[in-house]
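*Asks:* Please find my_file_24.txt (compact mmCIF, C-alpha atoms) on the next line:
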```txt
# COMPACT_ATOMS: atom_id res chain seq x y z
CA MET A 1 113.33 26.78 -10.13
CA ILE A 2 112.49 30.22 -8.73
CA THR A 3 110.97 30.10 -5.26
CA ASP A 4 109.92 33.16 -3.30
CA SER A 5 107.82 31.92 -0.40
CA ILE A 6 106.48 28.92 1.39
CA PHE A 7 103.60 27.74 -0.77
CA THR A 8 100.22 27.03 0.71
CA GLU A 9 99.20 23.40 0.27
CA VAL A 10 96.66 24.18 -2.44
CA GLU A 11 99.25 25.91 -4.65
CA THR A 12 101.11 22.66 -5.33
CA LEU A 13 98.15 20.34 -5.92
CA PRO A 14 98.39 18.04 -8.96
CA LEU A 15 96.04 18.84 -11.84
CA SER A 16 93.62 16.02 -11.00
CA GLU A 17 93.19 17.38 -7.48
CA VAL A 18 92.80 20.94 -8.79
CA ASN A 19 89.98 19.84 -11.11
CA ARG A 20 88.28 17.89 -8.33
CA LEU A 21 88.42 20.88 -6.00
CA VAL A 22 87.11 23.33 -8.59
CA LEU A 23 84.25 21.05 -9.72
CA SER A 24 83.21 20.56 -6.10
CA LYS A 25 83.15 24.31 -5.42
CA LEU A 26 81.33 24.98 -8.71
CA THR A 27 78.62 22.50 -7.74
CA ALA A 28 78.23 24.18 -4.35
CA ILE A 29 77.89 27.70 -5.76
CA LEU A 30 75.55 26.64 -8.59
CA SER A 31 73.31 24.82 -6.14
CA LEU A 32 73.20 27.81 -3.80
CA ALA A 33 72.47 30.25 -6.63
CA SER A 34 69.70 28.18 -8.22
CA ARG A 35 67.99 27.60 -4.88
CA GLY A 36 68.38 31.01 -3.29
CA SER A 37 68.34 33.57 -6.12
CA THR A 38 65.29 34.30 -8.27
CA PHE A 39 67.60 35.68 -10.96
CA TYR A 40 69.64 32.48 -11.24
CA ARG A 41 66.74 30.08 -10.81
CA GLU A 42 65.85 30.37 -14.49
CA ARG A 43 69.45 30.57 -15.75
CA ILE A 44 70.93 27.42 -14.22
CA PRO A 45 69.55 24.16 -15.69
CA PHE A 46 71.36 21.88 -13.22
CA GLN A 47 72.77 21.84 -9.70
CA VAL A 48 75.57 19.30 -10.10
CA ILE A 49 78.37 19.88 -12.59
CA HIS A 50 80.25 16.86 -13.92
CA ASP A 51 82.37 18.57 -16.55
CA PHE A 52 83.62 22.12 -17.09
CA LYS A 53 81.94 22.22 -20.49
CA ASP A 54 78.57 22.00 -18.72
CA LEU A 55 79.03 25.64 -17.73
CA GLU A 56 78.63 26.74 -21.34
CA SER A 57 74.87 26.10 -21.07
CA ILE A 58 74.60 28.94 -18.53
CA PRO A 59 74.21 32.43 -20.07
CA ILE A 60 77.07 34.88 -19.65
CA LEU A 61 76.49 37.46 -16.91
CA THR A 62 76.86 41.04 -18.15
CA LYS A 63 77.21 44.41 -16.47
CA GLU A 64 73.73 45.22 -17.76
CA ASP A 65 72.44 42.20 -15.81
CA LEU A 66 74.06 43.59 -12.67
CA ALA A 67 72.53 47.02 -13.14
CA SER A 68 69.03 45.53 -13.43
CA ASN A 69 69.22 42.87 -10.72
CA MET A 70 71.34 44.35 -7.93
CA PRO A 71 70.52 46.95 -5.26
CA PRO A 72 69.28 49.62 -5.38
CA VAL A 73 67.18 48.45 -8.35
CA SER A 74 66.49 44.84 -7.33
CA ASP A 75 67.47 42.09 -4.88
CA SER A 76 66.89 39.28 -7.38
CA MET A 77 70.55 38.21 -7.53
CA LEU A 78 70.81 37.85 -3.74
CA THR A 79 70.60 34.41 -2.17
CA ASP A 80 69.60 35.77 1.25
CA LYS A 81 68.25 38.88 2.90
CA LEU A 82 70.52 41.90 2.80
CA TYR A 83 72.08 42.13 6.25
CA ASN A 84 75.55 41.87 7.81
CA ALA A 85 76.96 43.23 4.56
CA SER A 86 78.52 46.26 2.89
CA ILE A 87 77.66 47.87 -0.43
CA TYR A 88 80.46 49.11 -2.66
CA ARG A 89 80.76 50.98 -5.89
CA SER A 90 82.32 49.39 -8.93
CA GLY A 91 85.22 51.38 -10.40
CA GLY A 92 84.08 51.02 -14.00
CA THR A 93 85.29 53.66 -16.44
CA THR A 94 82.08 53.97 -18.47
CA GLY A 95 78.43 54.67 -17.82
CA LYS A 96 76.56 55.27 -14.58
CA PRO A 97 78.03 54.01 -11.29
CA LYS A 98 77.27 50.36 -10.58
CA PHE A 99 77.24 48.68 -7.22
CA THR A 100 78.23 45.38 -5.69
CA LEU A 101 78.07 43.95 -2.20
CA TYR A 102 79.82 41.51 0.07
CA SER A 103 78.72 39.92 3.30
CA ASN A 104 81.06 40.95 6.08
CA ASP A 105 82.23 37.33 6.39
CA GLU A 106 83.09 37.23 2.67
CA PHE A 107 85.02 40.48 2.91
CA GLU A 108 87.08 39.06 5.75
CA GLU A 109 87.73 35.82 3.84
CA PHE A 110 88.80 37.70 0.73
CA SER A 111 91.24 39.86 2.65
CA ASN A 112 92.83 36.66 3.98
CA ILE A 113 93.27 35.47 0.38
CA PHE A 114 95.06 38.70 -0.51
CA VAL A 115 97.61 38.06 2.21
CA ARG A 116 98.76 34.94 0.41
CA THR A 117 98.94 36.64 -2.98
CA TYR A 118 100.69 39.79 -1.80
CA TYR A 119 103.26 37.67 -0.02
CA SER A 120 103.79 35.88 -3.31
CA ALA A 121 104.46 39.26 -4.99
CA GLY A 122 107.17 40.07 -2.46
CA LEU A 123 105.66 41.94 0.49
CA ARG A 124 107.11 40.94 3.86
CA LYS A 125 106.26 41.81 7.46
CA ASP A 126 109.28 44.09 7.86
CA ASP A 127 108.18 46.30 4.94
CA LYS A 128 106.98 49.86 5.54
CA VAL A 129 104.01 50.13 3.20
CA ALA A 130 102.13 53.22 1.96
CA ASN A 131 98.55 52.50 0.89
CA LEU A 132 97.91 54.94 -1.97
CA PHE A 133 94.54 53.63 -3.12
CA PHE A 134 91.59 56.00 -3.19
CA CYS A 135 89.19 56.06 -0.27
CA GLY A 136 85.52 56.91 0.06
CA ASP A 137 82.53 57.20 -2.28
CA LEU A 138 81.73 53.49 -1.62
CA TYR A 139 84.93 52.34 -3.30
CA PRO A 140 86.48 49.28 -1.53
CA SER A 141 90.15 49.23 -2.55
CA PHE A 142 91.62 51.37 0.25
CA ILE A 143 89.70 49.52 2.97
CA PHE A 144 90.61 46.15 1.50
CA VAL A 145 94.31 46.91 1.19
CA HIS A 146 94.38 48.46 4.67
CA LYS A 147 93.19 45.15 6.13
CA LEU A 148 95.65 43.00 4.22
CA ILE A 149 98.66 45.18 5.14
CA GLN A 150 97.69 44.69 8.76
CA LYS A 151 97.24 40.94 8.29
CA LEU A 152 100.68 40.70 6.69
CA GLY A 153 102.15 42.37 9.76
CA CYS A 154 103.70 45.23 7.77
CA ILE A 155 104.16 48.74 9.12
CA ASN A 156 101.07 50.42 7.71
CA PHE A 157 100.87 53.98 6.32
CA PRO A 158 97.22 54.60 5.27
CA VAL A 159 98.04 57.62 3.09
CA ALA A 160 95.28 57.38 0.40
CA GLY A 161 95.34 58.63 -3.19
CA SER A 162 93.80 61.99 -2.29
CA THR A 163 97.10 62.98 -0.65
CA PRO A 164 99.25 65.29 -2.83
CA PRO A 165 102.29 63.38 -4.18
CA ARG A 166 104.74 65.86 -2.62
CA GLN A 167 103.34 65.06 0.81
CA VAL A 168 103.70 61.33 0.08
CA ILE A 169 107.34 61.90 -0.86
CA GLU A 170 107.82 63.68 2.46
CA TYR A 171 106.36 60.69 4.32
CA ILE A 172 108.66 58.35 2.37
CA ARG A 173 111.69 60.38 3.43
CA MET A 174 110.58 60.87 7.04
CA PHE A 175 109.80 57.23 7.80
CA GLY A 176 111.91 55.35 5.28
CA ILE A 177 108.85 53.87 3.53
CA ASN A 178 110.13 51.21 1.15
CA ALA A 179 106.91 49.96 -0.50
CA VAL A 180 103.94 51.62 -2.16
CA LEU A 181 100.62 50.08 -3.26
CA GLY A 182 98.23 52.06 -5.41
CA PRO A 183 96.87 53.06 -8.83
CA THR A 184 99.44 52.79 -11.62
CA SER A 185 99.26 56.37 -12.88
CA TYR A 186 99.45 57.80 -9.36
CA ILE A 187 102.60 55.82 -8.59
CA VAL A 188 104.27 56.74 -11.89
CA ASN A 189 103.49 60.41 -11.27
CA LEU A 190 104.86 60.11 -7.72
CA VAL A 191 108.17 58.69 -8.94
CA LYS A 192 108.36 61.34 -11.69
CA MET A 193 108.15 64.03 -9.04
CA LEU A 194 110.75 62.23 -6.97
CA ALA A 195 113.09 62.22 -9.97
CA ALA A 196 112.30 65.76 -11.16
CA GLY A 197 113.10 67.22 -7.75
CA ASN A 198 116.40 65.34 -7.59
CA LEU A 199 115.15 64.01 -4.28
CA GLN A 200 117.12 61.20 -2.74
CA ASN A 201 115.34 57.86 -2.85
CA ASP A 202 115.69 56.71 0.74
CA GLY A 203 114.99 53.04 0.18
CA LEU A 204 111.79 52.92 -1.90
CA ASN A 205 112.26 49.56 -3.63
CA LYS A 206 108.85 47.85 -3.88
CA VAL A 207 105.96 48.94 -6.10
CA LEU A 208 102.67 47.06 -6.34
CA TYR A 209 100.39 48.75 -8.88
CA ALA A 210 96.75 48.13 -9.83
CA GLY A 211 93.81 49.46 -11.80
CA GLU A 212 95.68 50.17 -15.02
CA PRO A 213 98.41 48.38 -16.99
CA LEU A 214 102.02 49.35 -16.38
CA TYR A 215 103.52 49.87 -19.82
CA GLU A 216 107.07 48.80 -20.49
CA THR A 217 108.34 52.36 -20.90
CA ASP A 218 107.00 53.24 -17.45
CA ARG A 219 108.50 50.08 -15.96
CA GLU A 220 111.89 51.02 -17.37
CA PHE A 221 111.52 54.51 -15.94
CA LEU A 222 110.65 53.19 -12.47
CA LEU A 223 113.66 50.87 -12.52
CA GLN A 224 115.89 53.73 -13.64
CA VAL A 225 114.81 55.87 -10.67
CA LEU A 226 114.34 53.19 -7.99
CA GLY A 227 117.17 50.89 -9.04
CA GLN A 228 117.35 47.86 -11.29
CA ASP A 229 116.75 45.54 -8.34
CA ALA A 230 113.46 47.18 -7.39
CA ASN A 231 110.51 44.80 -7.08
CA ILE A 232 107.81 46.09 -9.43
CA ARG A 233 104.78 43.79 -9.58
CA SER A 234 101.08 43.86 -10.22
CA ALA A 235 99.08 44.11 -7.01
CA GLY A 236 96.71 41.61 -8.57
CA TYR A 237 94.13 41.31 -11.32
CA GLY A 238 90.55 41.66 -10.18
CA CYS A 239 87.57 43.95 -9.91
CA ALA A 240 85.37 45.43 -7.22
CA ASP A 241 82.46 43.26 -8.35
CA LEU A 242 83.91 39.88 -7.38
CA GLY A 243 87.38 40.43 -5.93
CA LEU A 244 90.73 38.95 -6.88
CA ILE A 245 91.12 36.84 -10.02
CA GLY A 246 94.89 36.61 -10.53
CA TYR A 247 98.16 37.49 -8.83
CA GLN A 248 101.88 37.64 -9.55
CA CYS A 249 104.85 35.84 -8.09
CA LEU A 250 108.49 36.90 -8.37
CA ALA A 251 108.81 35.00 -11.64
CA GLN A 252 106.16 37.08 -13.43
CA THR A 253 105.88 40.71 -14.53
CA GLY A 254 103.75 42.67 -16.95
CA PRO A 255 100.39 41.24 -18.00
CA VAL A 256 100.87 37.60 -16.88
CA HIS A 257 99.18 36.47 -13.66
CA HIS A 258 98.57 33.21 -11.83
CA ILE A 259 94.86 32.37 -11.80
CA LEU A 260 93.58 32.11 -8.24
CA PHE A 261 92.10 28.77 -9.21
CA ASP A 262 90.81 27.72 -5.80
CA HIS A 263 88.64 30.85 -5.58
CA VAL A 264 87.68 31.65 -9.20
CA TYR A 265 87.09 29.66 -12.37
CA VAL A 266 88.22 31.46 -15.54
CA GLU A 267 87.03 30.77 -19.08
CA ILE A 268 88.23 32.39 -22.31
CA VAL A 269 85.45 32.61 -24.90
CA ASP A 270 85.25 33.62 -28.53
CA PRO A 271 83.67 37.11 -28.57
CA GLU A 272 81.50 36.22 -31.57
CA THR A 273 80.21 32.77 -30.54
CA ASN A 274 80.73 32.80 -26.74
CA LYS A 275 82.25 29.34 -27.10
CA VAL A 276 85.23 28.45 -24.90
CA VAL A 277 88.50 28.53 -26.88
CA GLU A 278 91.60 26.36 -26.50
CA ASP A 279 94.47 27.34 -24.19
CA GLY A 280 96.74 29.81 -25.96
CA GLU A 281 93.89 31.37 -27.96
CA GLN A 282 92.65 34.89 -27.28
CA GLY A 283 89.14 35.84 -26.26
CA ASP A 284 86.91 37.51 -23.68
CA ILE A 285 87.63 36.72 -20.02
CA ILE A 286 84.67 35.12 -18.21
CA VAL A 287 84.91 34.55 -14.45
CA THR A 288 82.89 32.52 -11.95
CA SER A 289 83.52 33.27 -8.28
CA LEU A 290 83.69 30.07 -6.22
CA ASP A 291 83.30 31.86 -2.88
CA LYS A 292 80.92 34.78 -3.38
CA ARG A 293 77.74 33.45 -1.81
CA LEU A 294 75.48 36.39 -0.92
CA VAL A 295 75.57 37.54 -4.56
CA PRO A 296 77.00 34.76 -6.75
CA PHE A 297 78.89 35.84 -9.86
CA ILE A 298 78.49 33.03 -12.36
CA ARG A 299 80.11 33.40 -15.81
CA PHE A 300 80.65 37.16 -15.42
CA LYS A 301 82.04 39.04 -18.43
CA ILE A 302 84.78 41.18 -16.90
CA GLY A 303 85.28 43.38 -19.97
CA ASP A 304 88.89 42.31 -20.60
CA ARG A 305 90.54 40.20 -23.27
CA GLY A 306 93.12 37.55 -22.48
CA ARG A 307 94.37 34.02 -22.96
CA LYS A 308 95.32 31.09 -20.76
CA LEU A 309 98.96 30.10 -21.30
CA LYS A 310 99.95 26.51 -21.95
CA GLU A 311 103.29 26.74 -20.16
CA LYS A 312 103.67 26.49 -16.38
CA CYS A 313 105.33 29.12 -14.22
CA SER A 314 108.93 28.50 -13.16
CA CYS A 315 108.00 29.34 -9.55
CA GLY A 316 106.53 25.86 -9.14
CA ARG A 317 102.89 26.81 -8.49
CA SER A 318 100.41 24.50 -10.14
CA GLY A 319 97.85 27.16 -11.09
CA GLN A 320 97.45 28.14 -14.72
CA LEU A 321 98.78 31.44 -16.04
CA LEU A 322 96.54 34.13 -17.53
CA GLU A 323 97.87 36.79 -19.90
CA LEU A 324 95.88 40.03 -20.02
CA LEU A 325 95.52 41.56 -23.48
CA GLY A 326 93.60 44.76 -22.80
CA ARG A 327 90.02 45.92 -22.55
CA ASP A 328 87.48 44.58 -24.98
CA ASP A 329 86.18 48.16 -25.40
CA ASP A 330 89.54 49.72 -26.29
CA THR A 331 88.54 50.14 -29.94
CA VAL A 332 86.30 52.86 -31.37
CA ARG A 333 84.78 53.10 -34.82
CA ILE A 334 85.76 56.38 -36.52
CA GLY A 335 84.18 56.69 -39.93
CA TYR A 336 84.99 53.38 -41.60
CA THR A 337 88.07 52.69 -39.46
CA ASN A 338 88.45 50.80 -36.17
CA VAL A 339 90.88 52.87 -34.07
CA SER A 340 92.70 50.98 -31.31
CA TYR A 341 93.72 52.72 -28.10
CA LYS A 342 96.42 50.11 -27.57
CA ASP A 343 97.94 50.54 -31.05
CA ILE A 344 98.20 54.33 -30.72
CA LEU A 345 99.63 54.06 -27.23
CA GLU A 346 102.29 51.59 -28.35
CA ALA A 347 103.25 53.92 -31.21
CA LEU A 348 103.53 57.00 -28.98
CA GLY A 349 104.15 55.80 -25.46
CA ALA A 350 107.62 54.46 -26.20
CA ARG A 351 108.78 57.86 -27.43
CA ARG A 352 109.71 60.58 -25.00
CA PRO A 353 108.40 63.07 -24.07
CA PHE A 354 105.05 61.30 -24.50
CA THR A 355 103.74 59.50 -21.44
CA THR A 356 101.35 56.55 -21.38
CA ASN A 357 98.52 58.77 -20.11
CA MET A 358 96.15 59.08 -23.05
CA GLN A 359 92.45 59.47 -23.77
CA LEU A 360 90.40 58.96 -26.94
CA ILE A 361 87.17 60.94 -27.27
CA LYS A 362 84.67 60.05 -29.99
CA GLU A 363 82.16 62.81 -30.72
CA GLN A 364 79.33 61.67 -32.95
CA GLY A 365 77.40 64.47 -34.65
CA LYS A 366 75.04 64.70 -37.59
CA GLY A 367 76.84 63.37 -40.64
CA ARG A 368 80.33 63.52 -39.14
CA THR A 369 82.45 61.83 -36.49
CA ARG A 370 85.18 63.62 -34.56
CA LEU A 371 88.11 61.88 -32.85
CA VAL A 372 89.92 63.85 -30.16
CA LEU A 373 93.18 62.32 -28.97
CA ARG A 374 94.49 63.76 -25.71
CA ILE A 375 97.96 62.76 -24.55
CA GLU A 376 100.10 64.01 -21.69
CA THR A 377 103.79 64.75 -21.93
CA ASP A 378 106.48 65.31 -19.35
CA GLN A 379 105.92 68.78 -17.87
CA ASN A 380 109.16 70.36 -19.12
CA HIS A 381 108.36 69.63 -22.77
CA TYR A 382 104.86 71.05 -22.86
CA ASP A 383 105.18 74.78 -23.52
CA THR A 384 108.04 74.91 -25.99
CA GLU A 385 107.36 71.89 -28.17
CA ALA A 386 103.58 71.50 -28.20
CA GLN A 387 103.07 72.20 -31.91
CA GLU A 388 105.92 69.93 -32.97
CA LEU A 389 104.60 67.14 -30.77
CA GLN A 390 101.11 67.63 -32.15
CA ASP A 391 102.44 67.16 -35.69
CA THR A 392 104.21 63.99 -34.56
CA VAL A 393 100.96 62.54 -33.21
CA TYR A 394 99.12 63.29 -36.44
CA ARG A 395 101.83 61.51 -38.42
CA GLU A 396 101.69 58.46 -36.18
CA ILE A 397 97.89 58.24 -36.39
CA PHE A 398 97.90 58.42 -40.17
CA ASN A 399 100.79 55.95 -40.40
CA LEU A 400 98.73 53.50 -38.38
CA TYR A 401 95.47 54.24 -40.21
CA PRO A 402 96.06 55.49 -43.78
CA ASN A 403 92.34 55.23 -44.51
CA LEU A 404 91.63 57.65 -41.67
CA GLU A 405 93.69 60.37 -43.35
CA ALA A 406 91.76 59.84 -46.58
CA GLU A 407 88.44 59.96 -44.70
CA GLU A 408 89.43 63.23 -43.04
CA LYS A 409 90.31 64.79 -46.40
CA ARG A 410 86.91 63.70 -47.73
CA GLY A 411 85.15 65.34 -44.79
CA ILE A 412 83.84 62.09 -43.30
CA VAL A 413 85.75 62.46 -40.04
CA ASP A 414 87.57 65.16 -38.12
CA ILE A 415 90.79 64.40 -36.20
CA SER A 416 91.94 66.62 -33.33
CA VAL A 417 95.08 66.24 -31.19
CA GLN A 418 95.56 67.87 -27.79
CA ILE A 419 99.03 67.92 -26.20
CA LEU A 420 98.72 68.33 -22.44
CA ALA A 421 101.03 68.75 -19.49
CA PHE A 422 101.39 65.83 -17.11
CA GLY A 423 98.29 65.43 -14.93
CA GLN A 424 95.90 67.52 -17.08
CA ILE A 425 93.69 64.64 -18.21
CA GLU A 426 90.93 64.35 -15.63
CA ARG A 427 91.21 61.31 -13.37
CA MET A 428 88.25 59.46 -11.93
CA ARG A 429 87.67 60.66 -8.41
CA THR A 430 87.16 57.22 -6.87
CA THR A 431 90.03 55.34 -8.50
CA GLY A 432 92.52 57.82 -9.97
CA LYS A 433 92.18 56.11 -13.36
CA ILE A 434 91.97 57.86 -16.70
CA LYS A 435 88.80 57.11 -18.64
CA ARG A 436 90.46 55.75 -21.78
CA ILE A 437 87.52 55.88 -24.16
CA VAL A 438 84.86 58.58 -24.00
CA GLN A 439 81.94 58.60 -26.43
CA LYS A 440 79.75 61.68 -26.86
CA TYR A 441 76.70 62.18 -29.02
CA THR A 442 75.70 65.67 -30.10
```
Take the structure I supplied and represent it as structure tokens, if you would.

*Replies:*
Amino acid sequence: MITDSIFTEVETLPLSEVNRLVLSKLTAILSLASRGSTFYRERIPFQVIHDFKDLESIPILTKEDLASNMPPVSDSMLTDKLYNASIYRSGGTTGKPKFTLYSNDEFEEFSNIFVRTYYSAGLRKDDKVANLFFCGDLYPSFIFVHKLIQKLGCINFPVAGSTPPRQVIEYIRMFGINAVLGPTSYIVNLVKMLAAGNLQNDGLNKVLYAGEPLYETDREFLLQVLGQDANIRSAGYGCADLGLIGYQCLAQTGPVHHILFDHVYVEIVDPETNKVVEDGEQGDIIVTSLDKRLVPFIRFKIGDRGRKLKEKCSCGRSGQLLELLGRDDDTVRIGYTNVSYKDILEALGARRPFTTNMQLIKEQGKGRTRLVLRIETDQNHYDTEAQELQDTVYREIFNLYPNLEAEEKRGIVDISVQILAFGQIERMRTTGKIKRIVQKYT
């Protein structure tokens, strides 16, 4: 058995006790929501839950619901007056900015939860940690991580993602920083610059990434530069709207996370019927926060696909494992063909000099649809090999989607490929993420 920390008592509860705890907390949050929120009063037909299947009678909460029933538009989702609280911006990659809020007590509680999960992922009090999340514009990640680094007792370097990577590298060398927390693409770019400059890695051996998946090719690259013993883990699966949903221990990497079962209840539903599926089956991830009281999030559709695993983790924790399978909006309809961001990325991202930084743009005009695929390469390949790389991308697209090639020849669609230098795809100012899918109508 792999063990990496002293478990909290709740992490080793037997299944019967887990279910009892979760049902009790579900009853409490449903009762609060139905009594205190005008929005939920009509959505929740009961205040006591006897079985998890009872939840299926409550409508799924969507991002459109949030936009219509949260400040600044409405207070109908709130269970109390808006005071002693902070308003934050959601880091969504599509549409207008959306907002969420936490009472100050909730924010403090949630930062305490992160301490437990970050310790599970390998952070220790003697680590020197650079916080590379983005700060400002109402986005909560930097503030949140700043608090938890302090609570862990680590040596804290509040650098922020707005700092040029070369300056971060200088801080790493000056102070012997050994751990970085931040957006995936920012960290990968940072390590690329470290490697490209033949700069000595003075002890950087822990990476906790968030906001975007870390693809296997990038993981292999990080291990190559930082050493095969480097600890590379997810900084957690969650969202600004309701906080942390899952976390990793030292036995897990990639898309698999422990569900934070004592603070959230996760369902996987069929995207067509909204019915809960069996463990092991794929579907949309639906989350109910058990601790968010000022604005309850009950059966919230995160926007991701996933599945609950049947097997238990070798670390010994009793919580169920959740495997993330990508965004549920990672597919666009081009002509008569469904084009998958994930499929194209898997075909190209494993081949150098392509990176895993890619964007699909769908431009819908009168009578014709245009697909623009933008992909970044390593800087030193850009100028001399752009045309050859462009031809390679076309071949891969048409190998994946033979019908798309036929549709282009018939004039139904137009396919365009743009080969870019590393860093040329615009990042979102608040999060550093790349907007994967962009849809334009002309």

*Asks:* Point out the residue among A:Asp330, A:Asp343, A:Glu408, A:Asp51 with the least atom-to-atom distance to A:Leu371, counting all atoms listed in the file.

*Replies:*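 Closest to A:Leu371, using all atoms listed in the file: A:Glu408.
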
*Asks:* Which neighbours of A:Val207 fall inside 10 Å, counting all atoms listed in the file, when residues of the same chain fewer than 4 positions from it are skipped, and could you give them as a ChimeraX atom specification?

*Replies:* /A:121-123,129-130,178-182,184,187-188,222,226,230-235

*Asks:* Taking into account all atoms listed in the file, which residue in the set A:Ile155, A:Ile285, A:Ala210, A:Arg20 is nearest to A:Leu132?

*Replies:* A:Ala210

*Asks:* Counting only C-alpha atoms, which residues of stretch 299-404 of chain A fall within 10 Å of stretch 245-248 of chain A, and what is the closest atom pair for each with its distance in Å at one decimal, ordered by chain and rising number, as a Markdown table?

*Replies:*
```
| residue | atom | partner | partner_atom | distance |
| --- | --- | --- | --- | --- |
| A:Gly319 | CA | A:Gly246 | CA | 9.9 |
| A:Gln320 | CA | A:Gly246 | CA | 9.8 |
| A:Leu321 | CA | A:Gly246 | CA | 8.5 |
| A:Leu322 | CA | A:Gly246 | CA | 7.6 |
| A:Glu323 | CA | A:Gly246 | CA | 9.8 |
```

*Asks:* From the list A:Asp241, A:Glu212, A:Asp262, A:Asp329, which residue is nearest A:Ser185 when using all atoms listed in the file?

*Replies:*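 The shortest atom-to-atom distance to A:Ser185 comes from A:Glu212.
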
*Asks:* Work out how far apart atom CA of A:Ile29 and atom CA of A:Arg299 are and give it in Å to one decimal.

*Replies:*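 Interatomic distance here is 11.8 Å.
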
*Asks:* Which of these residues is nearest to A:Thr217, using all atoms listed in the file: A:Asp75, A:Glu346, A:Glu170, A:Glu388?

*Replies:*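 Distance minimum relative to A:Thr217 lands on A:Glu346.
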
*Asks:* Tell me, counting only C-alpha atoms, for each residue of stretch 257-322 of chain A within 10 Å of stretch 76-89 of chain A, which pair of atoms is nearest and how far apart they are in Å to one decimal, in rows ordered by chain and increasing number, as a tab-separated table.

*Replies:*
```
residue	atom	partner	partner_atom	distance
A:Arg293	CA	A:Thr79	CA	7.2
A:Leu294	CA	A:Thr79	CA	5.4
A:Val295	CA	A:Leu78	CA	4.8
A:Pro296	CA	A:Met77	CA	7.4
A:Phe297	CA	A:Met77	CA	9.0
```

*Asks:* Please determine, counting all atoms listed in the file, which residue among A:Ala240, A:Ile60, A:Ala33, A:Val438 has the shortest atom-to-atom distance to A:Lys98.

*Replies:*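 Once distances to A:Lys98 are computed over all atoms listed in the file, the minimum belongs to A:Ala240.
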